[in-house]
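Asker: This is the structure I have questions about; it appears just below.
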Amino acid sequence: MKSYPKVLDPNKVGEYAGLAKSGGGYVWDEVLEYRVWCHPHNGAPDLEEGSDYYYAFETYKEALECSNDILGAEEPLALILQREYIDEPSTGQYKHVKEERITEWPVQFLERPRRTESTIPNFMSVDAPENKLDIIRGIA
């Protein structure tokens, strides 16, 4: 099993709002928690009068075990903090946004290196490689 980053503050796991942005931003700064969403219409126990719900975990391993144990559960997601991020309002048009946001990501996106002070400036540079995503992937 792959190893994913530790959460920023284990004491806050389960305290974050259920609603968050979904994906995007290209970079990550911190993992806040790992989530498993459960869907009663797909067979998960109906604990919220037919509404979807999630369980929050400190580790990916715990989230994966939960996901595997509950019928109607999704694969784990990571709730992440982006202190800065890259917006793409239209294909190939990028904007450096210097504000915080919280979003849910597929955990596989955490295989990209954590954002550094140079990640976004290098991505936005006129000298960036043709495939700018190589910068995000940590291979350029």
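Convention: chains lettered A, B, ... in structure tokens order; per-chain residue numbering from 1; ligands numbered from 1 as shown.
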List as a ChimeraX atom specification the protein and nucleic acid residues near A:Gly18, meaning an atom at most 9 Å away when only C-alpha atoms are counted, but skip any in the same chain fewer than 3 places from it.
Answerer: /A:14-15,53-54
Asker: As a ChimeraX atom specification, please: every residue in chain A that a backbone DSSP assignment puts in helix (DSSP H, G or I).
Answerer: /A:10-12,40-42,60-69,107-111,119-124,133-136
Asker: Just to confirm, what's the straight-line distance from atom CA of A:Ser125 to atom CA of A:Gln108 in Å (one decimal)?
Answerer: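 Value for the atom CA of A:Ser125-atom CA of A:Gln108 distance: 26.1 Å.
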Asker: So that I can check the surroundings of A:Asp134, please list as a VMD selection string every protein, DNA and RNA residue that reaches within 12 Å of it, counting only C-alpha atoms and ignoring chain neighbours fewer than 4 positions away.
Answerer: chain A and resid 26 112 to 113 119 to 120 122 to 123 128 to 130 138 to 140
Asker: So that I have them on file, write out the residues from the current selection with all heavy atoms, as an mmCIF file, in the first residue's frame.
Answerer:
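Output saved as selection.cif:
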data_model
loop_
_atom_site.group_PDB
_atom_site.id
_atom_site.type_symbol
_atom_site.label_atom_id
_atom_site.label_comp_id
_atom_site.auth_asym_id
_atom_site.auth_seq_id
_atom_site.Cartn_x
_atom_site.Cartn_y
_atom_site.Cartn_z
ATOM 1 N N TYR A 26 -3.915 22.393 -8.928
ATOM 2 C CA TYR A 26 -2.643 21.791 -9.323
ATOM 3 C C TYR A 26 -1.640 21.531 -8.202
ATOM 4 O O TYR A 26 -0.806 20.659 -8.332
ATOM 5 C CB TYR A 26 -1.945 22.617 -10.411
ATOM 6 C CG TYR A 26 -2.616 22.523 -11.747
ATOM 7 C CD1 TYR A 26 -3.442 23.549 -12.198
ATOM 8 C CD2 TYR A 26 -2.440 21.424 -12.569
ATOM 9 C CE1 TYR A 26 -4.066 23.475 -13.430
ATOM 10 C CE2 TYR A 26 -3.059 21.339 -13.797
ATOM 11 C CZ TYR A 26 -3.871 22.369 -14.226
ATOM 12 O OH TYR A 26 -4.489 22.288 -15.445
ATOM 13 N N ARG A 112 2.208 13.927 -6.206
ATOM 14 C CA ARG A 112 2.953 15.102 -6.684
ATOM 15 C C ARG A 112 3.664 15.712 -5.480
ATOM 16 O O ARG A 112 3.150 15.675 -4.362
ATOM 17 C CB ARG A 112 1.999 16.163 -7.238
ATOM 18 C CG ARG A 112 1.138 15.716 -8.366
ATOM 19 C CD ARG A 112 0.138 16.803 -8.688
ATOM 20 N NE ARG A 112 -0.787 16.379 -9.726
ATOM 21 C CZ ARG A 112 -1.875 17.043 -10.049
ATOM 22 N NH1 ARG A 112 -2.187 18.162 -9.438
ATOM 23 N NH2 ARG A 112 -2.657 16.597 -11.003
ATOM 24 N N PRO A 113 4.814 16.314 -5.696
ATOM 25 C CA PRO A 113 5.488 16.962 -4.565
ATOM 26 C C PRO A 113 4.649 18.100 -3.986
ATOM 27 O O PRO A 113 3.883 18.756 -4.689
ATOM 28 C CB PRO A 113 6.773 17.520 -5.184
ATOM 29 C CG PRO A 113 6.959 16.776 -6.461
ATOM 30 C CD PRO A 113 5.587 16.389 -6.931
ATOM 31 N N THR A 119 7.496 26.556 -6.904
ATOM 32 C CA THR A 119 6.665 25.733 -7.790
ATOM 33 C C THR A 119 5.811 26.576 -8.727
ATOM 34 O O THR A 119 5.859 26.407 -9.953
ATOM 35 C CB THR A 119 5.753 24.787 -6.980
ATOM 36 O OG1 THR A 119 6.556 23.983 -6.115
ATOM 37 C CG2 THR A 119 4.939 23.888 -7.903
ATOM 38 N N ILE A 120 5.003 27.466 -8.179
ATOM 39 C CA ILE A 120 4.092 28.241 -9.030
ATOM 40 C C ILE A 120 4.846 29.255 -9.883
ATOM 41 O O ILE A 120 4.576 29.356 -11.086
ATOM 42 C CB ILE A 120 2.962 28.885 -8.200
ATOM 43 C CG1 ILE A 120 2.101 27.779 -7.561
ATOM 44 C CG2 ILE A 120 2.100 29.805 -9.069
ATOM 45 C CD1 ILE A 120 1.023 28.266 -6.612
ATOM 46 N N ASN A 122 7.803 28.976 -11.109
ATOM 47 C CA ASN A 122 8.416 28.199 -12.192
ATOM 48 C C ASN A 122 7.380 27.767 -13.216
ATOM 49 O O ASN A 122 7.626 27.788 -14.418
ATOM 50 C CB ASN A 122 9.142 26.974 -11.638
ATOM 51 C CG ASN A 122 10.418 27.327 -10.915
ATOM 52 O OD1 ASN A 122 10.901 28.455 -10.975
ATOM 53 N ND2 ASN A 122 10.961 26.364 -10.197
ATOM 54 N N PHE A 123 6.199 27.371 -12.751
ATOM 55 C CA PHE A 123 5.103 26.974 -13.629
ATOM 56 C C PHE A 123 4.675 28.137 -14.519
ATOM 57 O O PHE A 123 4.416 27.970 -15.704
ATOM 58 C CB PHE A 123 3.929 26.482 -12.780
ATOM 59 C CG PHE A 123 2.775 25.943 -13.558
ATOM 60 C CD1 PHE A 123 2.669 24.594 -13.819
ATOM 61 C CD2 PHE A 123 1.759 26.778 -14.013
ATOM 62 C CE1 PHE A 123 1.591 24.072 -14.528
ATOM 63 C CE2 PHE A 123 0.676 26.276 -14.721
ATOM 64 C CZ PHE A 123 0.596 24.919 -14.982
ATOM 65 N N ALA A 128 9.253 28.103 -18.686
ATOM 66 C CA ALA A 128 8.720 26.798 -18.274
ATOM 67 C C ALA A 128 8.773 25.829 -19.450
ATOM 68 O O ALA A 128 8.668 26.241 -20.606
ATOM 69 C CB ALA A 128 7.285 26.955 -17.783
ATOM 70 N N PRO A 129 8.927 24.545 -19.153
ATOM 71 C CA PRO A 129 8.917 23.565 -20.245
ATOM 72 C C PRO A 129 7.560 23.563 -20.952
ATOM 73 O O PRO A 129 6.566 24.051 -20.411
ATOM 74 C CB PRO A 129 9.169 22.236 -19.542
ATOM 75 C CG PRO A 129 8.866 22.465 -18.111
ATOM 76 C CD PRO A 129 9.059 23.923 -17.851
ATOM 77 N N GLU A 130 7.528 23.019 -22.143
ATOM 78 C CA GLU A 130 6.279 22.971 -22.914
ATOM 79 C C GLU A 130 5.174 22.283 -22.122
ATOM 80 O O GLU A 130 4.039 22.736 -22.099
ATOM 81 C CB GLU A 130 6.511 22.250 -24.240
ATOM 82 C CG GLU A 130 5.305 22.325 -25.154
ATOM 83 C CD GLU A 130 5.598 21.732 -26.518
ATOM 84 O OE1 GLU A 130 6.731 21.885 -27.021
ATOM 85 O OE2 GLU A 130 4.666 21.112 -27.069
ATOM 86 N N GLY A 138 7.179 17.381 -10.384
ATOM 87 C CA GLY A 138 8.523 17.344 -9.795
ATOM 88 C C GLY A 138 9.573 16.724 -10.685
ATOM 89 O O GLY A 138 10.625 16.303 -10.220
ATOM 90 N N ILE A 139 9.323 16.712 -12.001
ATOM 91 C CA ILE A 139 10.303 16.103 -12.923
ATOM 92 C C ILE A 139 10.945 17.123 -13.855
ATOM 93 O O ILE A 139 11.691 16.755 -14.741
ATOM 94 C CB ILE A 139 9.682 14.936 -13.724
ATOM 95 C CG1 ILE A 139 8.480 15.384 -14.536
ATOM 96 C CG2 ILE A 139 9.313 13.789 -12.792
ATOM 97 C CD1 ILE A 139 7.883 14.291 -15.426
ATOM 98 N N ALA A 140 10.645 18.405 -13.652
ATOM 99 C CA ALA A 140 11.274 19.453 -14.484
ATOM 100 C C ALA A 140 11.851 20.536 -13.600
ATOM 101 O O ALA A 140 11.429 20.737 -12.492
ATOM 102 C CB ALA A 140 10.262 20.072 -15.434
#
Asker: Could you check which of A:Glu62, A:Asp127, A:Glu111, A:Glu30 is closest to A:Arg83, using only C-alpha atoms?
Answerer: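 For A:Arg83, the nearest of the given residues is A:Glu30.
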